[in-house]
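Participant: Structure supplied as run_27.csv; contents: CSV, C-alpha atoms.
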chain,number,residue,atom,x,y,z
A,1,MET,CA,5.2,-7.7,28.6
A,2,TYR,CA,4.9,-4.8,26.2
A,3,ASP,CA,1.7,-2.7,25.9
A,4,LEU,CA,2.0,-2.7,22.1
A,5,VAL,CA,4.2,-4.1,19.5
A,6,VAL,CA,4.0,-2.5,16.0
A,7,VAL,CA,4.8,-4.9,13.2
A,8,GLY,CA,6.0,-2.8,10.2
A,9,ALA,CA,7.9,0.4,9.7
A,10,GLY,CA,6.4,1.9,6.6
A,11,PRO,CA,4.2,5.1,6.7
A,12,TYR,CA,1.4,3.4,8.7
A,13,GLY,CA,3.6,1.5,11.2
A,14,LEU,CA,5.7,4.6,11.9
A,15,SER,CA,2.7,6.8,12.3
A,16,VAL,CA,1.0,4.4,14.7
A,17,ALA,CA,4.3,4.1,16.7
A,18,ALA,CA,4.6,7.9,16.9
A,19,HIS,CA,1.1,8.2,18.4
A,20,ALA,CA,1.7,5.3,20.8
A,21,ALA,CA,5.0,6.8,21.9
A,22,ALA,CA,3.4,10.2,22.5
A,23,HIS,CA,0.9,8.5,24.8
A,24,GLY,CA,3.6,6.9,26.8
A,25,LEU,CA,2.8,3.3,25.9
A,26,ASN,CA,5.4,0.6,26.6
A,27,LEU,CA,6.2,0.1,23.0
A,28,ARG,CA,8.3,-1.8,20.5
A,29,THR,CA,8.4,-1.2,16.8
A,30,PHE,CA,9.9,-3.8,14.4
A,31,GLY,CA,10.7,-3.5,10.7
A,32,ARG,CA,13.1,-2.0,8.2
A,33,SER,CA,12.3,1.7,7.9
A,34,MET,CA,10.5,2.5,4.6
A,35,GLU,CA,11.8,-0.7,3.1
A,36,SER,CA,9.6,-0.9,0.0
A,37,TRP,CA,10.0,2.8,-0.7
A,38,HIS,CA,13.8,2.5,-0.6
A,39,ALA,CA,13.6,-0.4,-3.0
A,40,MET,CA,11.9,1.5,-5.8
A,41,PRO,CA,14.0,2.5,-8.8
A,42,SER,CA,15.6,5.9,-8.8
A,43,GLY,CA,13.8,8.3,-11.1
A,44,MET,CA,10.3,7.5,-9.7
A,45,PHE,CA,8.2,10.3,-8.3
A,46,LEU,CA,5.4,10.5,-5.8
A,47,LYS,CA,2.0,10.5,-7.5
A,48,SER,CA,0.2,12.1,-4.6
A,49,GLU,CA,0.6,15.7,-3.7
A,50,PRO,CA,3.2,16.6,-1.0
A,51,TRP,CA,0.5,18.0,1.3
A,52,ALA,CA,-1.3,14.6,1.1
A,53,SER,CA,1.8,12.5,1.8
A,54,HIS,CA,2.6,13.3,5.5
A,55,LEU,CA,3.2,10.7,8.0
A,56,SER,CA,1.3,11.3,11.2
A,57,ASP,CA,2.4,12.4,14.7
A,58,PRO,CA,0.1,13.9,17.3
A,59,GLU,CA,1.6,17.4,17.1
A,60,ARG,CA,1.9,17.4,13.3
A,61,ALA,CA,5.5,18.5,13.8
A,62,TYR,CA,7.2,16.1,11.4
A,63,GLY,CA,5.4,16.5,8.1
A,64,LEU,CA,6.9,16.1,4.7
A,65,ASP,CA,7.2,19.9,4.3
A,66,ALA,CA,9.2,20.1,7.5
A,67,TYR,CA,11.7,17.5,6.3
A,68,ALA,CA,11.9,19.0,2.8
A,69,ALA,CA,12.9,22.3,4.4
A,70,THR,CA,15.9,20.5,6.1
A,71,ARG,CA,17.0,19.5,2.6
A,72,GLY,CA,16.5,22.9,1.1
A,73,VAL,CA,13.6,21.6,-1.0
A,74,ARG,CA,10.1,23.1,-1.2
A,75,ALA,CA,7.3,20.5,-1.1
A,76,GLU,CA,4.9,22.4,-3.4
A,77,HIS,CA,1.5,21.6,-4.8
A,78,GLY,CA,1.7,20.5,-8.4
A,79,VAL,CA,5.4,19.7,-8.2
A,80,PRO,CA,6.2,16.0,-8.0
A,81,LEU,CA,8.8,14.9,-5.4
A,82,PRO,CA,11.3,12.0,-6.0
A,83,VAL,CA,10.4,8.8,-4.3
A,84,ASP,CA,13.9,8.6,-2.8
A,85,LEU,CA,13.3,11.9,-1.0
A,86,PHE,CA,10.0,10.5,0.4
A,87,ALA,CA,11.8,7.4,1.6
A,88,ALA,CA,14.5,9.5,3.3
A,89,TYR,CA,11.6,11.6,4.9
A,90,GLY,CA,10.2,8.4,6.5
A,91,ASP,CA,13.7,7.6,7.9
A,92,TRP,CA,13.9,11.1,9.4
A,93,PHE,CA,10.4,10.8,10.8
A,94,ALA,CA,11.4,7.6,12.5
A,95,ARG,CA,14.4,9.2,14.1
A,96,GLN,CA,12.3,12.1,15.4
A,97,ALA,CA,9.1,10.4,16.5
A,98,VAL,CA,9.6,6.7,17.0
A,99,PRO,CA,11.8,5.5,19.9
A,100,ALA,CA,14.2,2.6,19.3
A,101,LEU,CA,13.1,1.2,16.0
A,102,ASP,CA,14.2,-2.4,15.8
A,103,GLU,CA,15.0,-3.2,12.1
A,104,ARG,CA,14.5,-7.0,12.6
A,105,LEU,CA,11.5,-8.5,11.0
A,106,ILE,CA,8.8,-10.3,12.9
A,107,GLY,CA,8.4,-13.9,11.7
A,108,SER,CA,5.2,-14.8,13.6
A,109,VAL,CA,2.4,-13.5,15.7
A,110,ALA,CA,0.4,-16.0,17.7
A,111,PRO,CA,-2.1,-15.9,20.6
A,112,ALA,CA,-0.8,-16.3,24.1
A,113,ALA,CA,-2.1,-15.9,27.6
A,114,GLY,CA,-3.0,-12.3,28.2
A,115,GLY,CA,-2.1,-11.2,24.7
A,116,PHE,CA,0.3,-12.4,22.0
A,117,GLU,CA,3.7,-14.0,21.5
A,118,LEU,CA,5.9,-12.7,18.7
A,119,ARG,CA,9.1,-14.2,17.3
A,120,THR,CA,11.7,-12.2,15.5
A,121,GLU,CA,13.4,-13.4,12.4
A,122,ASP,CA,16.3,-14.5,14.6
A,123,SER,CA,13.9,-16.4,16.9
A,124,GLU,CA,13.8,-14.0,19.9
A,125,ALA,CA,10.4,-14.4,21.6
A,126,LEU,CA,8.6,-11.5,23.2
A,127,ARG,CA,5.1,-10.9,24.6
A,128,ALA,CA,2.7,-8.0,24.0
A,129,ARG,CA,-0.8,-7.2,25.3
A,130,THR,CA,-1.7,-5.7,21.9
A,131,VAL,CA,-0.3,-5.8,18.4
A,132,ALA,CA,-0.7,-3.4,15.5
A,133,LEU,CA,-0.1,-5.2,12.2
A,134,ALA,CA,1.1,-2.6,9.6
A,135,VAL,CA,3.0,-4.8,7.1
A,136,GLY,CA,2.5,-2.6,4.0
A,137,VAL,CA,1.7,-4.0,0.6
A,138,LEU,CA,4.4,-6.4,-0.3
A,139,PRO,CA,2.8,-9.5,1.3
A,140,PHE,CA,-0.2,-8.9,-0.9
A,141,LEU,CA,1.3,-8.5,-4.3
A,142,GLU,CA,-0.8,-9.9,-7.2
A,143,ILE,CA,0.6,-11.7,-10.3
A,144,PRO,CA,-1.8,-12.9,-13.0
A,145,GLY,CA,-2.7,-16.6,-12.8
A,146,PRO,CA,-0.9,-17.8,-16.0
A,147,LEU,CA,2.4,-16.3,-14.8
A,148,ARG,CA,2.4,-17.3,-11.1
A,149,GLU,CA,4.2,-20.6,-11.5
A,150,LEU,CA,7.0,-19.3,-13.7
A,151,PRO,CA,10.5,-18.8,-12.3
A,152,ARG,CA,11.4,-15.3,-11.1
A,153,ARG,CA,14.1,-15.3,-13.7
A,154,TYR,CA,11.3,-14.7,-16.2
A,155,VAL,CA,8.5,-13.1,-14.3
A,156,THR,CA,8.6,-10.5,-11.5
A,157,HIS,CA,6.3,-8.1,-9.8
A,158,SER,CA,7.0,-4.4,-10.3
A,159,SER,CA,7.6,-4.1,-6.5
A,160,HIS,CA,10.5,-6.6,-6.8
A,161,HIS,CA,12.7,-4.1,-8.7
A,162,GLY,CA,15.1,-1.5,-7.5
A,163,GLU,CA,17.1,-0.2,-10.4
A,164,LEU,CA,16.1,-1.4,-13.9
A,165,ASP,CA,19.4,-1.1,-15.6
A,166,GLY,CA,19.7,-4.9,-15.8
A,167,PHE,CA,17.1,-4.9,-18.6
A,168,ALA,CA,19.2,-2.9,-21.0
A,169,GLY,CA,19.2,-4.5,-24.4
A,170,ARG,CA,16.4,-6.9,-23.5
A,171,ASP,CA,12.7,-7.3,-24.5
A,172,VAL,CA,10.4,-6.6,-21.6
A,173,THR,CA,6.6,-6.9,-21.4
A,174,VAL,CA,4.9,-4.9,-18.6
A,175,VAL,CA,1.4,-6.1,-17.6
A,176,GLY,CA,-1.0,-3.4,-16.2
A,177,ALA,CA,-2.3,0.0,-17.0
A,178,GLY,CA,-1.8,1.9,-13.7
A,179,GLN,CA,0.9,4.2,-12.5
A,180,ALA,CA,3.3,1.4,-11.6
A,181,ALA,CA,3.0,-0.2,-15.1
A,182,LEU,CA,3.2,3.1,-17.0
A,183,GLU,CA,6.2,4.5,-15.0
A,184,THR,CA,8.0,1.2,-15.1
A,185,ALA,CA,7.6,1.0,-18.9
A,186,ALA,CA,8.8,4.6,-19.3
A,187,LEU,CA,11.9,3.9,-17.1
A,188,LEU,CA,12.7,0.8,-19.0
A,189,SER,CA,12.7,2.7,-22.2
A,190,GLU,CA,14.9,5.4,-20.7
A,191,ARG,CA,17.3,2.8,-19.3
A,192,GLY,CA,18.0,1.2,-22.6
A,193,ALA,CA,15.6,-1.8,-22.9
A,194,ALA,CA,15.6,-3.1,-26.5
A,195,ALA,CA,11.8,-3.3,-26.6
A,196,VAL,CA,9.1,-2.4,-24.1
A,197,ARG,CA,5.4,-3.2,-24.5
A,198,ILE,CA,2.4,-2.8,-22.3
A,199,VAL,CA,-0.3,-5.6,-22.1
A,200,ALA,CA,-3.4,-4.5,-20.2
A,201,ARG,CA,-7.0,-5.7,-19.8
A,202,ALA,CA,-8.1,-2.1,-19.7
A,203,ASP,CA,-9.5,-0.8,-23.1
A,204,ARG,CA,-7.9,2.6,-22.6
A,205,LEU,CA,-5.2,4.4,-20.6
A,206,ASN,CA,-6.4,6.9,-18.1
A,207,TRP,CA,-4.3,9.9,-17.2
A,208,ASN,CA,-4.7,12.3,-14.3
A,209,THR,CA,-4.8,15.9,-15.3
A,210,LEU,CA,-2.6,18.7,-13.9
A,211,PRO,CA,-4.1,19.5,-10.5
A,212,PRO,CA,-5.7,23.0,-10.3
A,213,ALA,CA,-4.3,25.6,-7.9
A,214,LEU,CA,-5.1,25.2,-4.3
A,215,ASP,CA,-6.4,28.8,-4.1
A,216,ARG,CA,-8.8,29.1,-7.0
A,217,GLY,CA,-11.8,30.9,-5.7
A,218,PRO,CA,-15.0,29.6,-3.9
A,219,TRP,CA,-17.0,28.4,-6.9
A,220,PRO,CA,-14.4,26.1,-8.5
A,221,SER,CA,-13.4,24.8,-5.0
A,222,LEU,CA,-17.1,24.1,-4.2
A,223,ARG,CA,-17.7,22.3,-7.5
A,224,ALA,CA,-14.6,20.1,-7.3
A,225,PRO,CA,-12.9,20.3,-3.9
A,226,HIS,CA,-9.3,19.3,-3.4
A,227,THR,CA,-8.8,16.1,-1.4
A,228,GLY,CA,-5.8,13.9,-0.6
A,229,LEU,CA,-7.2,11.5,-3.2
A,230,GLY,CA,-7.8,14.0,-6.0
A,231,CYS,CA,-10.4,16.6,-6.8
A,232,GLY,CA,-14.2,15.9,-6.6
A,233,TRP,CA,-16.9,15.2,-4.1
A,234,GLN,CA,-16.8,11.5,-4.5
A,235,ASN,CA,-13.1,11.5,-3.6
A,236,LYS,CA,-13.8,13.9,-0.7
A,237,LEU,CA,-16.2,11.3,0.7
A,238,TYR,CA,-13.6,8.6,0.5
A,239,ALA,CA,-10.9,10.9,1.9
A,240,ASP,CA,-12.9,12.5,4.7
A,241,THR,CA,-15.3,9.9,5.9
A,242,PRO,CA,-13.7,6.4,6.2
A,243,GLY,CA,-15.8,5.8,9.3
A,244,ILE,CA,-19.0,6.2,7.3
A,245,PHE,CA,-17.6,4.0,4.6
A,246,ARG,CA,-17.1,1.3,7.2
A,247,ARG,CA,-20.8,1.3,8.0
A,248,LEU,CA,-21.9,0.5,4.5
A,249,PRO,CA,-23.0,-3.1,3.7
A,250,ALA,CA,-20.0,-5.4,3.1
A,251,ALA,CA,-21.1,-6.0,-0.5
A,252,THR,CA,-21.3,-2.3,-1.2
A,253,ARG,CA,-17.8,-1.7,0.3
A,254,GLU,CA,-16.4,-4.5,-1.7
A,255,ARG,CA,-17.8,-3.2,-4.9
A,256,ILE,CA,-16.5,0.3,-4.3
A,257,PHE,CA,-13.1,-1.0,-3.2
A,258,ASP,CA,-12.8,-2.9,-6.5
A,259,ALA,CA,-13.9,0.0,-8.7
A,260,ALA,CA,-12.9,3.3,-7.0
A,261,LEU,CA,-9.8,5.2,-8.0
A,262,GLY,CA,-9.0,2.8,-10.8
A,263,PRO,CA,-5.7,2.6,-12.7
A,264,ALA,CA,-4.4,6.0,-14.0
A,265,GLY,CA,-1.1,7.5,-14.8
A,266,ALA,CA,0.2,10.8,-13.3
A,267,TRP,CA,0.0,13.9,-15.5
A,268,TRP,CA,3.7,14.4,-15.3
A,269,LEU,CA,4.4,11.0,-16.8
A,270,ARG,CA,2.4,11.2,-20.0
A,271,GLU,CA,5.1,12.9,-22.1
A,272,ARG,CA,7.8,10.4,-21.0
A,273,PHE,CA,5.5,7.4,-21.6
A,274,ALA,CA,5.2,8.4,-25.3
A,275,ALA,CA,8.5,6.6,-25.9
A,276,VAL,CA,6.7,3.3,-25.2
A,277,GLY,CA,5.4,2.5,-28.7
A,278,ASP,CA,3.8,-0.9,-28.2
A,279,VAL,CA,0.7,-0.6,-26.1
A,280,ARG,CA,-1.8,-3.5,-26.3
A,281,LEU,CA,-5.1,-2.6,-24.6
A,282,GLY,CA,-8.0,-4.9,-24.1
A,283,HIS,CA,-5.6,-7.8,-24.0
A,284,ARG,CA,-5.0,-10.5,-21.4
A,285,ILE,CA,-2.5,-13.3,-21.1
A,286,THR,CA,-4.1,-16.7,-21.3
A,287,SER,CA,-1.0,-18.9,-20.9
A,288,ALA,CA,2.7,-18.6,-20.7
A,289,ALA,CA,5.7,-21.0,-21.1
A,290,VAL,CA,9.4,-20.9,-21.3
A,291,THR,CA,10.7,-21.6,-24.9
A,292,GLY,CA,13.7,-23.7,-25.9
A,293,ASP,CA,15.8,-20.6,-26.4
A,294,GLU,CA,15.0,-19.5,-22.8
A,295,ARG,CA,12.5,-16.8,-23.7
A,296,LEU,CA,8.8,-16.5,-22.7
A,297,ARG,CA,6.0,-17.3,-25.1
A,298,LEU,CA,2.8,-15.5,-24.1
A,299,ASP,CA,-0.5,-16.5,-25.5
A,300,VAL,CA,-2.6,-13.3,-25.5
A,301,ALA,CA,-6.3,-12.8,-26.2
A,302,GLY,CA,-7.4,-9.4,-27.5
A,303,PRO,CA,-10.2,-7.7,-29.4
A,304,ASP,CA,-8.9,-9.1,-32.7
A,305,GLY,CA,-8.5,-12.6,-31.5
A,306,ALA,CA,-5.5,-14.6,-30.2
A,307,SER,CA,-1.9,-13.7,-30.7
A,308,VAL,CA,1.5,-14.7,-29.5
A,309,VAL,CA,4.2,-12.5,-27.8
A,310,GLU,CA,7.7,-13.6,-27.3
A,311,THR,CA,9.7,-11.7,-24.7
A,312,ASP,CA,12.7,-12.0,-22.4
A,313,HIS,CA,10.9,-11.0,-19.2
A,314,VAL,CA,7.5,-10.0,-17.8
A,315,ILE,CA,7.0,-7.4,-15.1
A,316,ALA,CA,3.6,-7.7,-13.6
A,317,ALA,CA,2.5,-4.2,-12.4
A,318,THR,CA,-0.8,-5.6,-11.3
A,319,GLY,CA,-1.2,-4.3,-7.8
A,320,PHE,CA,-2.0,-5.9,-4.5
A,321,THR,CA,-4.9,-7.9,-3.1
A,322,PRO,CA,-5.5,-7.5,0.7
A,323,THR,CA,-6.4,-11.0,1.8
A,324,LEU,CA,-5.7,-12.6,5.2
A,325,ASP,CA,-4.4,-15.7,3.5
A,326,ARG,CA,-1.3,-13.8,2.5
A,327,ALA,CA,-0.7,-12.4,5.9
A,328,GLY,CA,1.7,-15.2,6.7
A,329,VAL,CA,3.1,-13.4,9.8
A,330,LEU,CA,-0.1,-14.3,11.6
A,331,SER,CA,-0.3,-17.9,12.9
A,332,PRO,CA,-2.7,-20.1,11.1
A,333,ALA,CA,-4.9,-20.3,14.3
A,334,LEU,CA,-5.1,-16.5,14.5
A,335,ARG,CA,-5.8,-16.0,10.8
A,336,GLY,CA,-8.4,-18.7,10.8
A,337,ALA,CA,-10.3,-17.1,13.8
A,338,LEU,CA,-10.6,-13.7,12.3
A,339,ARG,CA,-13.9,-12.5,10.8
A,340,ARG,CA,-13.7,-11.6,7.1
A,341,VAL,CA,-15.6,-9.2,5.0
A,342,GLY,CA,-17.3,-10.3,1.8
A,343,ALA,CA,-15.8,-12.8,-0.6
A,344,GLY,CA,-12.4,-11.2,-0.9
A,345,GLY,CA,-10.8,-12.6,2.2
A,346,ALA,CA,-9.9,-9.3,3.9
A,347,PRO,CA,-10.4,-9.0,7.6
A,348,GLU,CA,-13.4,-7.2,9.2
A,349,VAL,CA,-12.0,-4.2,11.1
A,350,GLY,CA,-13.9,-2.4,13.9
A,351,GLY,CA,-14.4,1.3,14.6
A,352,LEU,CA,-10.9,1.8,16.1
A,353,PHE,CA,-9.1,-0.5,13.7
A,354,GLU,CA,-9.3,-3.6,16.0
A,355,SER,CA,-9.9,-6.9,14.3
A,356,SER,CA,-12.4,-9.5,15.6
A,357,TRP,CA,-9.6,-10.9,17.8
A,358,PRO,CA,-9.3,-8.5,20.8
A,359,GLY,CA,-6.0,-6.8,21.0
A,360,LEU,CA,-5.0,-7.4,17.3
A,361,PHE,CA,-5.2,-4.1,15.4
A,362,LEU,CA,-4.7,-3.6,11.7
A,363,ALA,CA,-3.4,-0.7,9.6
A,364,GLY,CA,-2.9,0.0,5.9
A,365,LEU,CA,-4.0,-2.0,2.9
A,366,LEU,CA,-5.6,-4.8,4.9
A,367,THR,CA,-8.1,-2.2,6.2
A,368,ALA,CA,-9.1,-0.8,2.8
A,369,PRO,CA,-12.1,-3.1,2.2
A,370,SER,CA,-13.4,-1.9,5.6
A,371,TYR,CA,-12.5,1.7,5.6
A,372,GLY,CA,-12.3,2.5,1.9
A,373,PRO,CA,-9.8,3.6,-0.8
A,374,SER,CA,-7.9,6.1,1.3
A,375,MET,CA,-6.3,3.2,3.1
A,376,ARG,CA,-4.5,2.3,-0.1
A,377,PHE,CA,-2.4,5.5,0.1
A,378,VAL,CA,-0.1,7.2,2.5
A,379,PHE,CA,-2.9,9.8,3.0
A,380,GLY,CA,-4.8,7.2,5.1
A,381,ALA,CA,-2.1,7.1,7.8
A,382,GLU,CA,-3.4,10.3,9.3
A,383,TYR,CA,-6.9,9.0,9.8
A,384,THR,CA,-5.6,5.6,11.1
A,385,ALA,CA,-2.9,6.3,13.6
A,386,GLY,CA,-4.6,8.3,16.3
A,387,ARG,CA,-7.8,6.2,16.2
A,388,LEU,CA,-5.9,3.0,16.3
A,389,VAL,CA,-3.9,4.1,19.3
A,390,LYS,CA,-7.1,5.2,21.0
A,391,GLY,CA,-8.4,1.7,20.4
A,392,VAL,CA,-5.2,0.2,21.9
A,393,ARG,CA,-5.5,2.4,25.0
A,394,GLN,CA,-9.2,1.4,25.4
A,395,ARG,CA,-8.3,-2.3,25.1
A,396,LEU,CA,-5.5,-2.0,27.6
A,397,ARG,CA,-7.8,-0.3,30.1
A,398,ALA,CA,-10.6,-2.8,29.5
A,399,GLY,CA,-8.4,-5.8,30.3
A,400,ALA,CA,-10.4,-8.9,31.2
A,401,GLY,CA,-13.6,-6.8,31.6
A,402,GLY,CA,-13.7,-5.9,27.9
A,403,GLY,CA,-12.5,-9.1,26.3
A,404,LEU,CA,-9.0,-10.2,27.3
A,405,PRO,CA,-6.5,-9.9,24.5
A,406,GLY,CA,-5.7,-13.4,23.3
A,407,ARG,CA,-9.3,-14.6,23.3
A,408,PRO,CA,-11.6,-14.2,20.3
A,409,ARG,CA,-14.9,-12.4,20.7
A,410,THR,CA,-16.7,-15.3,19.0
A,411,GLY,CA,-15.8,-18.9,18.9
A,412,GLY,CA,-14.5,-20.4,15.7
A,413,LYS,CA,-14.2,-18.9,12.3
A,414,ALA,CA,-16.9,-16.5,11.1
A,415,ARG,CA,-17.2,-14.9,7.7
A,416,VAL,CA,-19.3,-11.8,7.3
A,417,ALA,CA,-21.0,-11.4,4.0
A,418,ALA,CA,-22.9,-8.3,4.7
What would the structure in this file look like if it were written as structure tokens?

Facilitator:
Amino acid sequence: MYDLVVVGAGPYGLSVAAHAAAHGLNLRTFGRSMESWHAMPSGMFLKSEPWASHLSDPERAYGLDAYAATRGVRAEHGVPLPVDLFAAYGDWFARQAVPALDERLIGSVAPAAGGFELRTEDSEALRARTVALAVGVLPFLEIPGPLRELPRRYVTHSSHHGELDGFAGRDVTVVGAGQAALETAALLSERGAAAVRIVARADRLNWNTLPPALDRGPWPSLRAPHTGLGCGWQNKLYADTPGIFRRLPAATRERIFDAALGPAGAWWLRERFAAVGDVRLGHRITSAAVTGDERLRLDVAGPDGASVVETDHVIAATGFTPTLDRAGVLSPALRGALRRVGAGGAPEVGGLFESSWPGLFLAGLLTAPSYGPSMRFVFGAEYTAGRLVKGVRQRLRAGAGGGLPGRPRTGGKARVAA
């Protein structure tokens, strides 16, 4: 039986595995290294600053800057780095800090005597005393209701796409007003789409500004400190104090999670986005149907009333919703037993990233309603990894005396509203 199985090999899973390996835990890590990052279209860039995009190892020896140096590239403040370089960095990190990454996917995690039973995609069974679930964002993708039942031939999520060359000569509608929507629309225009439009509920587009210099004197730094989530004291609270955020009432956490760090485009994208001439703000799709000529008819409500859009394809760049109901890798019994926070269906997470089921630890987007906005970004991996592994070690030491892994702390299903 393994001490820990890490499910997922993105920034959070690899960081947790690196800390666990450094502490000598009997460890297995499953997942395709940086899978969602490798799947992004070429030509995309990191929105976050390089110094806020490190994966985490205990000695801080394998940061993004260290990898960039091996490629003859400088990871500089204010200079966006290509996403494909970041994906390659994650692969390099895995080779340096994570022993024996198994690129099979885990199909199920279920309670078992003394811990958990996991099954790989090819049906191998294995046992673990603890599990760290770090499955990234893809299980939680959000598509607007009127589009959900349409075939993927007509409607996709922005995360479904690698290269966008297949849309050359076609009419494409992008839904959303955040970085994914704006960058996807710009890339579609650059790759020869016949027409590209944005449809967004937001009444305006927000653009991040060019970040100020890191060394800019004491007064500007005090007035608007740099953080891994952007400048400002509010961002600093989110970035530096996730543990305090977790102690807020659930309703307050939920409200902040929904509103904080809302959709915005990167400063370096604004000029490229100017090629997208059809931007419909304050609009929402009320219904959608395939027409007789195999196009989509979208009924759209906007400030001036209802209108109709006919298009060849819709790309929903509408983000991700962290809800346990979409964590299909967890057995129904395990999902149903976990305490949840507020009305959104996300799991309640304890002080060291342990769920309400002893021995099941969570990392990444699923923890954002508990720990705050930083868990939506690579930046949160640094805060998460060491604390989570500390929690795993405490759970392994506690054994039956602290709540045996495989038995919930409370009977049945409990939802926490506050």

Participant: For Met34 of chain A, please output as a list in words all residues within 10 Å (counting all atoms listed in the file; exclusion window: fewer than 2 positions along the same chain).

Facilitator: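 After dropping sequence-adjacent residues, the list is Gly8, Ala9, Gly10, Pro11, Gly13, Leu14, Gly31, Arg32, Ser36, Trp37, His38, Ala39, Phe86, Ala87, Ala88, Tyr89, Gly90, Asp91, Ala94 and Gly136 of chain A.
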
Participant: Residues of the last selection are to be written out with C-alpha atoms, as a PDB file, keeping the file's coordinate frame.

Facilitator:
ATOM      1  CA  GLY A   8       6.000  -2.800  10.200  1.00  0.00           C
ATOM      2  CA  ALA A   9       7.900   0.400   9.700  1.00  0.00           C
ATOM      3  CA  GLY A  10       6.400   1.900   6.600  1.00  0.00           C
ATOM      4  CA  PRO A  11       4.200   5.100   6.700  1.00  0.00           C
ATOM      5  CA  GLY A  13       3.600   1.500  11.200  1.00  0.00           C
ATOM      6  CA  LEU A  14       5.700   4.600  11.900  1.00  0.00           C
ATOM      7  CA  GLY A  31      10.700  -3.500  10.700  1.00  0.00           C
ATOM      8  CA  ARG A  32      13.100  -2.000   8.200  1.00  0.00           C
ATOM      9  CA  SER A  36       9.600  -0.900   0.000  1.00  0.00           C
ATOM     10  CA  TRP A  37      10.000   2.800  -0.700  1.00  0.00           C
ATOM     11  CA  HIS A  38      13.800   2.500  -0.600  1.00  0.00           C
ATOM     12  CA  ALA A  39      13.600  -0.400  -3.000  1.00  0.00           C
ATOM     13  CA  PHE A  86      10.000  10.500   0.400  1.00  0.00           C
ATOM     14  CA  ALA A  87      11.800   7.400   1.600  1.00  0.00           C
ATOM     15  CA  ALA A  88      14.500   9.500   3.300  1.00  0.00           C
ATOM     16  CA  TYR A  89      11.600  11.600   4.900  1.00  0.00           C
ATOM     17  CA  GLY A  90      10.200   8.400   6.500  1.00  0.00           C
ATOM     18  CA  ASP A  91      13.700   7.600   7.900  1.00  0.00           C
ATOM     19  CA  ALA A  94      11.400   7.600  12.500  1.00  0.00           C
ATOM     20  CA  GLY A 136       2.500  -2.600   4.000  1.00  0.00           C
TER      21      GLY A 136
END

Participant: Which residue is closest to Glu103 of chain A? Choose from A:Leu118, A:Leu141, A:Val7, A:Leu269 and count all atoms listed in the file.

Facilitator: A:Val7

Participant: Which polymer residues have any atom within 12 Å of an atom of Ala22 of chain A, counting all atoms listed in the file, with same-chain residues fewer than 2 positions away left out, as a list in words?

Facilitator: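 Those residues are Ser15, Val16, Ala17, Ala18, His19, Ala20, Gly24, Leu25, Asn26, Leu27, Ser56, Asp57, Pro58, Glu59, Arg60, Gln96, Ala97, Val98, Pro99, Ala385, Gly386, Val389 and Lys390 of chain A.
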
Participant: Skipping near chain neighbours, those fewer than 2 positions away, what residues fall within 12 Å of Tyr383 of chain A using only C-alpha atoms, listed as a ChimeraX atom specification?

Facilitator: /A:12,15-16,19,52,54-58,228,238-243,351-353,363-364,367,371-372,374-375,377-381,385-390

Participant: As a PyMOL selection string, please: the residues near Ala327 of chain A (cut-off 8 Å, only C-alpha atoms, same-chain neighbours under 4 positions excluded).

Facilitator: chain A and resi 139-140+323+335

Participant: May I ask which of the residues A:Thr130, A:Thr120, A:Ser356, A:Thr184 is the closest one to Met1 of chain A, counting all atoms listed in the file?

Facilitator: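 Of A:Thr130, A:Thr120, A:Ser356, A:Thr184, the one nearest Met1 of chain A, counting all atoms listed in the file, is A:Thr130.
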
Participant: Quote the spacing between atom CA of Ala317 of chain A and atom CA of Thr384 of chain A in Å to one decimal place.

Facilitator: 26.7 Å

Participant: Given the choices A:Thr156, A:Thr321, A:Ser123, A:Thr311, which gets closest to Asp299 of chain A if the distance is worked out from all atoms listed in the file?

Facilitator: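 Among the listed residues, A:Thr311 lies closest to Asp299 of chain A.
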
Participant: Show me, as a Markdown table, the residues of segment 317-390 of chain A having an atom within 7 Å of segment 250-253 of chain A, each with the closest atom pair and its distance in Å, using all atoms listed in the file.

Facilitator:
| residue | atom | partner | partner_atom | distance |
| --- | --- | --- | --- | --- |
| A:Val341 | CA | A:Ala250 | CA | 6.1 |
| A:Gly342 | CA | A:Ala250 | CA | 5.7 |
| A:Pro369 | CA | A:Arg253 | CA | 6.2 |
| A:Ser370 | CA | A:Arg253 | CA | 6.9 |

Participant: Measuring between only C-alpha atoms, which one of A:Pro80, A:Pro249, A:Gly192, A:Pro151 shows the shortest distance to Leu210 of chain A?

Facilitator: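 Comparing A:Pro80, A:Pro249, A:Gly192, A:Pro151 against Leu210 of chain A, the winner is A:Pro80.
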
Participant: In Å to one decimal, how far is atom CA of Leu133 of chain A from atom CA of Leu362 of chain A?

Facilitator: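 Computed distance, atom CA of Leu362 of chain A to atom CA of Leu133 of chain A, equals 4.9 Å.
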
Participant: To one decimal in Å, tell me the separation between atom CA of Gly265 of chain A and atom CA of Glu183 of chain A.

Facilitator: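 Separation of atom CA of Gly265 of chain A and atom CA of Glu183 of chain A: 7.9 Å.
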
Participant: So which residues touch Ala260 of chain A within 9 Å, counting all atoms listed in the file, skipping near sequence neighbours fewer than 3 positions away, as a PyMOL selection string?

Facilitator: chain A and resi 235+255-257+372-373

Participant: Counting all atoms listed in the file, figure out which residue out of A:Arg127, A:Lys236, A:Arg397, A:Arg376 gets nearest to Asp258 of chain A.

Facilitator: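 Looking only at the distances to Asp258 of chain A, the closest residue turns out to be A:Arg376.
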
Participant: If the box runs along x, y and z of the file and leaves 8 Å on each side of segment 139-143 of chain A, what are its centre and edge lengths in Å, one decimal, as lines of an AutoDock Vina configuration file?

Facilitator:
center_x = 1.0
center_y = -10.1
center_z = -4.5
size_x = 19.6
size_y = 19.2
size_z = 27.6
